[in-house]
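Q: Contents of final_12.cif (mmCIF, C-alpha atoms) are given next:
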data_coords
loop_
_atom_site.label_atom_id
_atom_site.label_comp_id
_atom_site.auth_asym_id
_atom_site.auth_seq_id
_atom_site.Cartn_x
_atom_site.Cartn_y
_atom_site.Cartn_z
CA CYS A 17 -7.18 -1.68 7.84
CA TYR A 18 -8.87 -2.98 4.73
CA PHE A 19 -10.83 -0.44 2.72
CA ASN A 20 -13.58 -0.94 0.16
CA LEU A 21 -14.96 2.53 -0.49
CA ASN A 22 -17.60 1.23 -2.93
CA GLY A 23 -19.89 0.10 -0.14
CA ASP A 24 -20.36 -3.41 -1.50
CA PRO A 25 -17.94 -6.07 -0.19
CA SER A 26 -19.39 -8.71 -2.52
CA ARG A 27 -17.76 -7.01 -5.56
CA VAL A 28 -14.11 -6.41 -6.41
CA GLY A 29 -12.70 -3.00 -5.55
CA THR A 30 -10.44 -2.56 -8.55
CA ASN A 31 -12.41 0.46 -9.79
CA MET A 32 -10.99 2.41 -6.82
CA GLU A 33 -8.30 4.91 -7.76
CA LEU A 34 -4.99 4.86 -5.88
CA TYR A 35 -2.51 7.70 -5.45
CA VAL A 36 0.84 7.16 -3.71
CA ASN A 37 3.21 10.06 -3.09
CA ALA A 38 6.31 7.98 -3.89
CA ASP A 39 8.98 8.03 -6.57
CA ASN A 40 10.38 4.64 -5.51
CA PHE A 41 9.42 1.23 -4.16
CA THR A 42 11.21 -1.73 -2.60
CA PRO A 43 10.92 -4.77 -4.90
CA SER A 44 10.41 -8.23 -3.48
CA ALA A 45 11.89 -11.61 -4.37
CA PRO A 46 9.50 -14.48 -5.22
CA ASP A 47 9.36 -15.37 -1.48
CA TYR A 48 8.03 -11.82 -0.75
CA ILE A 49 11.22 -10.78 1.07
CA PRO A 50 12.55 -7.40 -0.12
CA THR A 51 15.60 -7.68 -2.36
CA GLY A 52 17.29 -4.71 -0.66
CA GLU A 53 16.97 -2.58 -3.75
CA ILE A 54 15.08 0.68 -4.08
CA LEU A 55 13.72 1.10 -7.60
CA SER A 56 11.97 3.94 -9.39
CA VAL A 57 8.26 3.68 -10.12
CA GLU A 58 8.86 5.58 -13.36
CA GLY A 59 7.66 3.58 -16.36
CA THR A 60 6.20 0.79 -14.20
CA PRO A 61 2.62 -0.09 -13.26
CA PHE A 62 3.63 1.04 -9.73
CA ASP A 63 3.67 4.69 -10.79
CA PHE A 64 0.76 5.95 -8.70
CA ARG A 65 2.02 9.54 -8.58
CA GLU A 66 -1.12 10.32 -10.52
CA ALA A 67 -4.17 8.45 -9.30
CA LYS A 68 -5.27 5.52 -11.42
CA ALA A 69 -7.76 2.69 -11.15
CA LEU A 70 -6.39 -0.49 -9.60
CA SER A 71 -7.91 -2.40 -12.53
CA GLU A 72 -5.11 -0.92 -14.67
CA VAL A 73 -2.54 -2.59 -12.43
CA VAL A 74 -3.54 -5.75 -10.55
CA ASP A 75 -3.83 -8.05 -13.54
CA ASP A 76 -0.66 -6.90 -15.33
CA THR A 77 1.15 -10.22 -15.81
CA THR A 78 3.97 -8.57 -17.77
CA PHE A 79 5.39 -6.88 -14.65
CA GLU A 80 7.17 -9.53 -12.56
CA GLN A 81 6.44 -7.79 -9.23
CA ILE A 82 2.68 -7.89 -9.86
CA LYS A 83 2.76 -11.36 -11.41
CA ASN A 84 4.53 -12.80 -8.36
CA ALA A 85 2.20 -11.18 -5.81
CA THR A 86 -0.94 -11.56 -8.02
CA GLY A 87 -1.48 -7.84 -7.48
CA VAL A 88 0.18 -5.18 -5.39
CA ASP A 89 1.75 -6.13 -2.06
CA HIS A 90 4.66 -3.74 -1.91
CA ASN A 91 6.28 -1.00 0.11
CA PHE A 92 6.46 2.45 -1.45
CA CYS A 93 9.18 4.90 -0.34
CA LEU A 94 7.25 8.02 0.54
CA ASN A 95 8.30 11.43 -0.73
CA THR A 96 6.88 12.85 2.49
CA TYR A 97 9.83 11.43 4.48
CA ASP A 98 13.09 13.36 4.92
CA HIS A 99 15.83 10.74 5.34
CA GLU A 100 18.46 13.27 6.39
CA ALA A 101 16.27 14.64 9.18
CA GLY A 102 14.92 11.16 9.96
CA LYS A 103 11.30 12.24 10.06
CA GLY A 104 8.21 12.36 7.94
CA ASP A 105 5.90 15.25 7.21
CA ASP A 106 2.48 14.05 8.27
CA THR A 107 0.84 17.23 6.99
CA GLN A 108 1.29 16.03 3.39
CA VAL A 109 -0.85 13.34 1.78
CA ALA A 110 1.17 10.11 1.63
CA ALA A 111 -1.50 8.16 -0.27
CA SER A 112 -5.15 8.31 -1.17
CA LEU A 113 -7.87 5.95 -2.33
CA TYR A 114 -10.98 7.12 -4.14
CA SER A 115 -14.19 5.42 -5.23
CA PRO A 116 -15.71 7.04 -8.33
CA GLU A 117 -18.82 4.99 -7.56
CA THR A 118 -19.56 6.57 -4.17
CA GLY A 119 -17.38 9.69 -4.26
CA ILE A 120 -15.67 8.65 -1.01
CA LEU A 121 -12.06 9.79 -0.74
CA LEU A 122 -9.61 8.42 1.83
CA GLU A 123 -6.37 10.31 2.44
CA VAL A 124 -3.50 8.87 4.49
CA PHE A 125 -1.02 11.01 6.42
CA THR A 126 1.99 9.55 8.22
CA ASN A 127 5.42 10.31 9.61
CA GLU A 128 6.74 6.91 8.48
CA PRO A 129 9.13 6.47 5.52
CA GLY A 130 7.04 3.85 3.73
CA ILE A 131 3.56 2.64 3.01
CA GLN A 132 2.67 -0.95 2.17
CA VAL A 133 -0.07 -1.20 -0.43
CA TYR A 134 -1.90 -4.52 -0.48
CA THR A 135 -4.71 -5.08 -2.98
CA GLY A 136 -6.38 -8.09 -1.35
CA ASN A 137 -4.58 -10.56 -3.60
CA PHE A 138 -5.37 -13.57 -1.42
CA GLN A 139 -8.87 -12.64 -0.34
CA GLY A 140 -11.49 -14.98 -1.71
CA VAL A 141 -9.00 -17.49 -3.11
CA GLY A 142 -7.80 -20.92 -1.99
CA ARG A 143 -9.10 -21.95 1.43
CA ASP A 144 -10.48 -18.42 1.87
CA ALA A 145 -12.85 -18.78 -1.12
CA ASP A 146 -15.66 -20.50 0.76
CA ILE A 147 -15.56 -18.51 3.99
CA LEU A 148 -18.74 -16.58 4.61
CA ARG A 149 -18.12 -13.12 6.05
CA LYS A 150 -20.39 -10.59 7.68
CA HIS A 151 -23.97 -10.85 6.35
CA GLY A 152 -23.16 -14.18 4.64
CA ILE A 153 -21.02 -12.57 1.93
CA LYS A 154 -18.09 -14.30 0.23
CA TYR A 155 -15.32 -11.79 -0.42
CA PRO A 156 -13.86 -11.87 -3.93
CA LYS A 157 -10.18 -11.42 -4.76
CA HIS A 158 -9.19 -7.71 -4.73
CA VAL A 159 -12.27 -6.74 -2.72
CA SER A 160 -10.33 -4.23 -0.63
CA VAL A 161 -7.07 -2.36 -0.20
CA CYS A 162 -4.71 -1.97 2.76
CA LEU A 163 -2.60 1.15 3.20
CA GLU A 164 -0.14 0.45 6.03
CA SER A 165 2.37 3.10 7.06
CA GLN A 166 5.65 1.55 8.16
CA LYS A 167 9.43 1.34 8.08
CA TYR A 168 10.63 -0.45 4.96
CA PRO A 169 10.25 -4.24 5.25
CA ASP A 170 13.44 -6.02 6.32
CA SER A 171 14.88 -2.71 7.63
CA PRO A 172 16.96 -4.41 10.37
CA ASN A 173 19.05 -5.94 7.58
CA HIS A 174 19.52 -2.65 5.72
CA PRO A 175 21.30 -0.08 7.89
CA GLU A 176 21.04 2.52 5.10
CA TRP A 177 17.25 2.58 5.57
CA ALA A 178 15.34 4.28 8.41
CA SER A 179 16.10 2.26 11.51
CA PRO A 180 13.36 0.28 13.24
CA VAL A 181 15.58 -0.23 16.30
CA VAL A 182 14.11 1.15 19.52
CA THR A 183 16.38 2.18 22.40
CA PRO A 184 15.94 4.53 25.37
CA GLU A 185 17.73 7.18 23.28
CA ASN A 186 15.69 6.36 20.17
CA PRO A 187 12.06 5.81 21.24
CA TYR A 188 9.49 4.68 18.71
CA TYR A 189 6.86 7.15 17.60
CA SER A 190 4.57 6.48 14.66
CA HIS A 191 1.65 8.53 13.48
CA ALA A 192 -0.91 7.68 10.83
CA ALA A 193 -4.14 9.52 10.16
CA TYR A 194 -6.93 8.45 7.83
CA LYS A 195 -9.11 11.31 6.61
CA PHE A 196 -12.39 10.58 4.87
CA SER A 197 -14.32 13.03 2.70
CA VAL A 198 -16.66 13.06 -0.29
CA LYS A 199 -15.59 14.51 -3.59
#
Give the structure from this file in C-alpha coordinates form.
A:
Amino acid sequence: CYFNLNGDPSRVGTNMELYVNADNFTPSAPDYIPTGEILSVEGTPFDFREAKALSEVVDDTTFEQIKNATGVDHNFCLNTYDHEAGKGDDTQVAASLYSPETGILLEVFTNEPGIQVYTGNFQGVGRDADILRKHGIKYPKHVSVCLESQKYPDSPNHPEWASPVVTPENPYYSHAAYKFSVK
(Lines of atoms letter the chains of each structure in order from A and count residues from 1; the text may use other names and numbers.)
(Lines give C-alpha, C1' and ligand atoms only; values in the text may rest on other atoms or scores of the structure.)
Protein backbone atom coordinates (compact mmCIF):
# COMPACT_ATOMS: atom_id res chain seq x y z
CA CYS A 1 0.00 0.00 0.00
CA TYR A 2 1.29 3.42 -0.94
CA PHE A 3 -0.01 6.30 1.14
CA ASN A 4 -0.13 10.01 0.38
CA LEU A 5 -2.26 11.52 3.13
CA ASN A 6 -2.00 15.04 1.65
CA GLY A 7 -4.65 14.34 -0.96
CA ASP A 8 -2.56 15.56 -3.88
CA PRO A 9 -0.50 12.91 -5.70
CA SER A 10 1.11 15.53 -7.95
CA ARG A 11 3.19 16.86 -5.02
CA VAL A 12 5.86 15.18 -2.90
CA GLY A 13 4.74 13.74 0.42
CA THR A 14 7.81 14.58 2.46
CA ASN A 15 5.84 16.91 4.75
CA MET A 16 4.16 13.80 6.20
CA GLU A 17 5.37 12.87 9.67
CA LEU A 18 6.51 9.30 10.34
CA TYR A 19 6.61 7.48 13.67
CA VAL A 20 8.09 3.97 13.95
CA ASN A 21 7.99 2.07 17.24
CA ALA A 22 11.48 0.61 16.75
CA ASP A 23 14.82 0.94 18.52
CA ASN A 24 16.68 -0.89 15.73
CA PHE A 25 16.81 -1.43 11.98
CA THR A 26 18.45 -3.87 9.59
CA PRO A 27 20.99 -2.03 7.40
CA SER A 28 21.40 -2.91 3.75
CA ALA A 29 24.46 -3.30 1.54
CA PRO A 30 24.67 -1.21 -1.66
CA ASP A 31 22.79 -4.01 -3.51
CA TYR A 32 19.85 -3.59 -1.05
CA ILE A 33 20.45 -7.00 0.56
CA PRO A 34 20.49 -6.83 4.37
CA THR A 35 23.97 -7.09 5.86
CA GLY A 36 22.75 -9.38 8.66
CA GLU A 37 23.36 -6.73 11.28
CA ILE A 38 20.80 -5.15 13.56
CA LEU A 39 21.76 -1.57 14.39
CA SER A 40 20.34 1.02 16.75
CA VAL A 41 18.40 3.96 15.34
CA GLU A 42 19.83 6.12 18.14
CA GLY A 43 21.69 9.11 16.73
CA THR A 44 20.73 8.31 13.12
CA PRO A 45 18.18 9.87 10.76
CA PHE A 46 16.27 6.55 11.18
CA ASP A 47 15.25 7.46 14.72
CA PHE A 48 11.51 7.79 14.20
CA ARG A 49 10.64 7.01 17.82
CA GLU A 50 9.32 10.54 17.88
CA ALA A 51 7.41 11.51 14.76
CA LYS A 52 9.26 13.74 12.33
CA ALA A 53 8.73 15.03 8.82
CA LEU A 54 10.19 12.85 6.08
CA SER A 55 11.76 16.01 4.61
CA GLU A 56 14.21 15.89 7.55
CA VAL A 57 15.39 12.47 6.41
CA VAL A 58 15.06 11.56 2.72
CA ASP A 59 17.67 13.96 1.38
CA ASP A 60 20.32 13.31 4.06
CA THR A 61 23.33 12.41 1.91
CA THR A 62 25.60 12.14 4.95
CA PHE A 63 23.96 8.91 6.13
CA GLU A 64 25.14 6.07 3.87
CA GLN A 65 21.90 4.05 4.23
CA ILE A 66 19.80 6.96 2.93
CA LYS A 67 22.35 7.97 0.30
CA ASN A 68 22.41 4.45 -1.15
CA ALA A 69 18.61 4.06 -1.27
CA THR A 70 17.98 7.75 -2.17
CA GLY A 71 15.60 7.81 0.79
CA VAL A 72 14.27 5.24 3.20
CA ASP A 73 13.81 1.65 2.03
CA HIS A 74 14.58 -0.25 5.19
CA ASN A 75 13.23 -2.74 7.68
CA PHE A 76 12.68 -1.54 11.23
CA CYS A 77 12.74 -4.06 14.12
CA LEU A 78 9.49 -3.38 15.94
CA ASN A 79 9.39 -2.96 19.70
CA THR A 80 5.90 -4.47 19.57
CA TYR A 81 7.36 -7.93 18.86
CA ASP A 82 8.40 -10.31 21.65
CA HIS A 83 11.19 -12.48 20.23
CA GLU A 84 11.18 -14.89 23.16
CA ALA A 85 7.45 -15.56 22.81
CA GLY A 86 7.68 -15.41 19.01
CA LYS A 87 4.70 -13.12 18.60
CA GLY A 88 3.82 -9.50 18.14
CA ASP A 89 1.38 -7.35 20.05
CA ASP A 90 -0.98 -6.01 17.43
CA THR A 91 -2.78 -3.86 20.00
CA GLN A 92 0.17 -1.44 20.08
CA VAL A 93 0.92 1.07 17.33
CA ALA A 94 3.83 -0.22 15.25
CA ALA A 95 4.05 2.88 13.04
CA SER A 96 2.07 5.93 12.07
CA LEU A 97 2.00 8.48 9.28
CA TYR A 98 0.44 11.91 9.66
CA SER A 99 -0.29 14.75 7.26
CA PRO A 100 -0.24 18.15 8.98
CA GLU A 101 -1.83 19.50 5.79
CA THR A 102 -5.03 17.43 6.01
CA GLY A 103 -4.94 16.21 9.61
CA ILE A 104 -5.23 12.59 8.44
CA LEU A 105 -3.50 10.10 10.71
CA LEU A 106 -2.73 6.51 9.70
CA GLU A 107 -1.78 4.02 12.42
CA VAL A 108 -0.40 0.56 11.64
CA PHE A 109 -0.85 -2.44 13.94
CA THR A 110 0.79 -5.81 13.27
CA ASN A 111 1.92 -9.05 14.84
CA GLU A 112 5.01 -9.16 12.61
CA PRO A 113 8.55 -8.45 13.90
CA GLY A 114 9.40 -5.83 11.29
CA ILE A 115 8.04 -3.08 9.12
CA GLN A 116 9.58 -1.99 5.83
CA VAL A 117 9.38 1.75 5.30
CA TYR A 118 9.71 2.85 1.68
CA THR A 119 9.54 6.56 0.83
CA GLY A 120 8.85 6.28 -2.91
CA ASN A 121 12.50 6.75 -3.83
CA PHE A 122 12.07 5.49 -7.38
CA GLN A 123 8.67 6.95 -8.14
CA GLY A 124 8.79 9.60 -10.83
CA VAL A 125 12.42 8.98 -11.75
CA GLY A 126 14.14 7.23 -14.66
CA ARG A 127 11.74 5.42 -16.98
CA ASP A 128 8.94 6.10 -14.47
CA ALA A 129 9.27 9.90 -14.86
CA ASP A 130 7.07 10.21 -17.94
CA ILE A 131 4.35 7.75 -17.01
CA LEU A 132 0.97 9.39 -16.64
CA ARG A 133 -1.04 8.01 -13.73
CA LYS A 134 -4.67 8.32 -12.76
CA HIS A 135 -6.18 11.63 -13.96
CA GLY A 136 -3.10 12.30 -16.15
CA ILE A 137 -0.82 13.05 -13.19
CA LYS A 138 2.92 12.40 -13.18
CA TYR A 139 4.01 11.20 -9.76
CA PRO A 140 7.08 12.94 -8.33
CA LYS A 141 9.82 11.22 -6.34
CA HIS A 142 8.77 10.68 -2.69
CA VAL A 143 5.09 11.16 -3.51
CA SER A 144 4.02 8.41 -1.13
CA VAL A 145 5.10 6.05 1.62
CA CYS A 146 4.76 2.27 2.03
CA LEU A 147 4.49 0.69 5.47
CA GLU A 148 4.80 -3.08 4.98
CA SER A 149 4.66 -5.39 7.99
CA GLN A 150 6.92 -8.40 7.53
CA LYS A 151 9.60 -10.78 8.76
CA TYR A 152 13.05 -9.23 8.46
CA PRO A 153 14.35 -9.34 4.88
CA ASP A 154 16.68 -12.27 4.18
CA SER A 155 15.37 -14.09 7.30
CA PRO A 156 15.93 -17.58 5.82
CA ASN A 157 19.67 -16.85 5.99
CA HIS A 158 19.56 -15.61 9.59
CA PRO A 159 18.31 -18.33 11.94
CA GLU A 160 18.58 -15.95 14.91
CA TRP A 161 15.74 -13.85 13.44
CA ALA A 162 12.02 -14.74 13.47
CA SER A 163 11.64 -17.66 11.11
CA PRO A 164 9.70 -17.29 7.87
CA VAL A 165 9.63 -21.08 7.42
CA VAL A 166 6.13 -22.54 7.22
CA THR A 167 5.49 -26.17 8.20
CA PRO A 168 2.39 -28.08 9.31
CA GLU A 169 3.59 -27.54 12.90
CA ASN A 170 4.41 -23.87 12.26
CA PRO A 171 1.61 -22.37 10.14
CA TYR A 172 1.89 -18.82 8.87
CA TYR A 173 -0.34 -16.20 10.40
CA SER A 174 0.14 -12.50 9.75
CA HIS A 175 -2.06 -9.65 10.81
CA ALA A 176 -1.83 -6.00 9.83
CA ALA A 177 -4.44 -3.34 10.44
CA TYR A 178 -4.46 0.19 9.09
CA LYS A 179 -6.51 2.63 11.16
CA PHE A 180 -7.36 6.05 9.78
CA SER A 181 -8.50 9.04 11.83
CA VAL A 182 -8.33 12.83 11.79
CA LYS A 183 -6.34 14.71 14.38
Q: Around all listed atoms of stretch 18-37 of chain A, padded 3 Å per side, what centre and edge lengths does the axis-aligned box have in Å to one decimal, as lines of an AutoDock Vina configuration file?
A:
center_x = -8.6
center_y = 0.7
center_z = -2.5
size_x = 29.6
size_y = 24.8
size_z = 20.5
Q: Can you list what the PyMOL selection byres ((chain A and resi 60-62) around 8) grabs from this structure, as a list in words?
A: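 Going through the file, the PyMOL selection byres ((chain A and resi 60-62) around 8) ends up selecting Val57, Glu58, Gly59, Asp63, Phe64, Glu72, Val73, Asp76 and Phe79 of chain A.
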Q: Figure out the distance between atom CA of A:Ile54 and atom CA of A:His99, please, to one decimal in Å.
A: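 The value is 13.8 Å.
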Q: Tell me which residues come within 10 Å of (-23.3, 10.5, -0.4), as a count of residues only, counting only C-alpha atoms in the file's coordinates.
A: 6
Q: With the cut-off set at 9 Å and counting only C-alpha atoms, tabulate each residue of stretch 115-183 of chain A with an atom at most that distance from an atom of stretch 37-42 of chain A, showing the nearest atom pair and its distance in Å to one decimal, ordered by chain and increasing number, as JSON lines.
A:
{"residue": "A:Gly130", "atom": "CA", "partner": "A:Phe41", "partner_atom": "CA", "distance": 8.6}
{"residue": "A:Tyr168", "atom": "CA", "partner": "A:Thr42", "partner_atom": "CA", "distance": 7.7}
{"residue": "A:Pro169", "atom": "CA", "partner": "A:Thr42", "partner_atom": "CA", "distance": 8.3}
Q: Leaving out A:Met32 and any residue of its chain fewer than 2 positions from it, which residues lie within 9 Å of it when counting all atoms listed in the file, given as a ChimeraX atom specification?
A: /A:20-22,29-30,34,68-71,113-117
Q: Do you have the atom CA of A:Ser190-atom CA of A:Tyr35 distance handy?
A: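 Atom CA of A:Tyr35 lies 21.4 Å from atom CA of A:Ser190.
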Q: Evaluated on this file, the PyMOL selection byres ((chain A and resi 43-47) around 9) picks out some residues - which ones are they, written as number ranges by chain?
A: A: 41-42, 48-55, 81, 84-85, 90-91
Q: Please, what distance in Å, to one decimal, runs between atom CA of A:Val182 and atom CA of A:Val124?
A: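 Taking atom CA of A:Val182 and atom CA of A:Val124, their separation equals 24.4 Å.
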Q: Name the closest residue to A:Gly23 among the candidates A:Val36, A:Lys154, A:Ser160, A:Thr126; distances are taken between atoms, counting all atoms listed in the file.
A: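 Among the listed residues, A:Ser160 lies closest to A:Gly23.
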Q: Determine the nearest neighbour of A:Pro129 from the options A:Cys162, A:Ile153, A:Val88, A:Asn95, counting all atoms listed in the file.
A: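 Smallest separation from A:Pro129 among the options: A:Asn95.
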Q: Pick out the closest residue to A:Phe125 from this set: A:Gly140, A:Asp89, A:Asp75, A:Val109. Count only C-alpha atoms.
A: A:Val109
Q: To verify the selection step, state as a ChimeraX atom specification which residues the PyMOL selection byres ((chain A and resi 127) around 10) yields on this input.
A: /A:94,96-98,102-108,110,125-126,128-130,165-167,189-193
Q: Considering only C-alpha atoms, state which residue in the set A:Ser179, A:Asn173, A:Asn137, A:Ser56 is at the smallest distance from A:Phe92.
A: A:Ser56
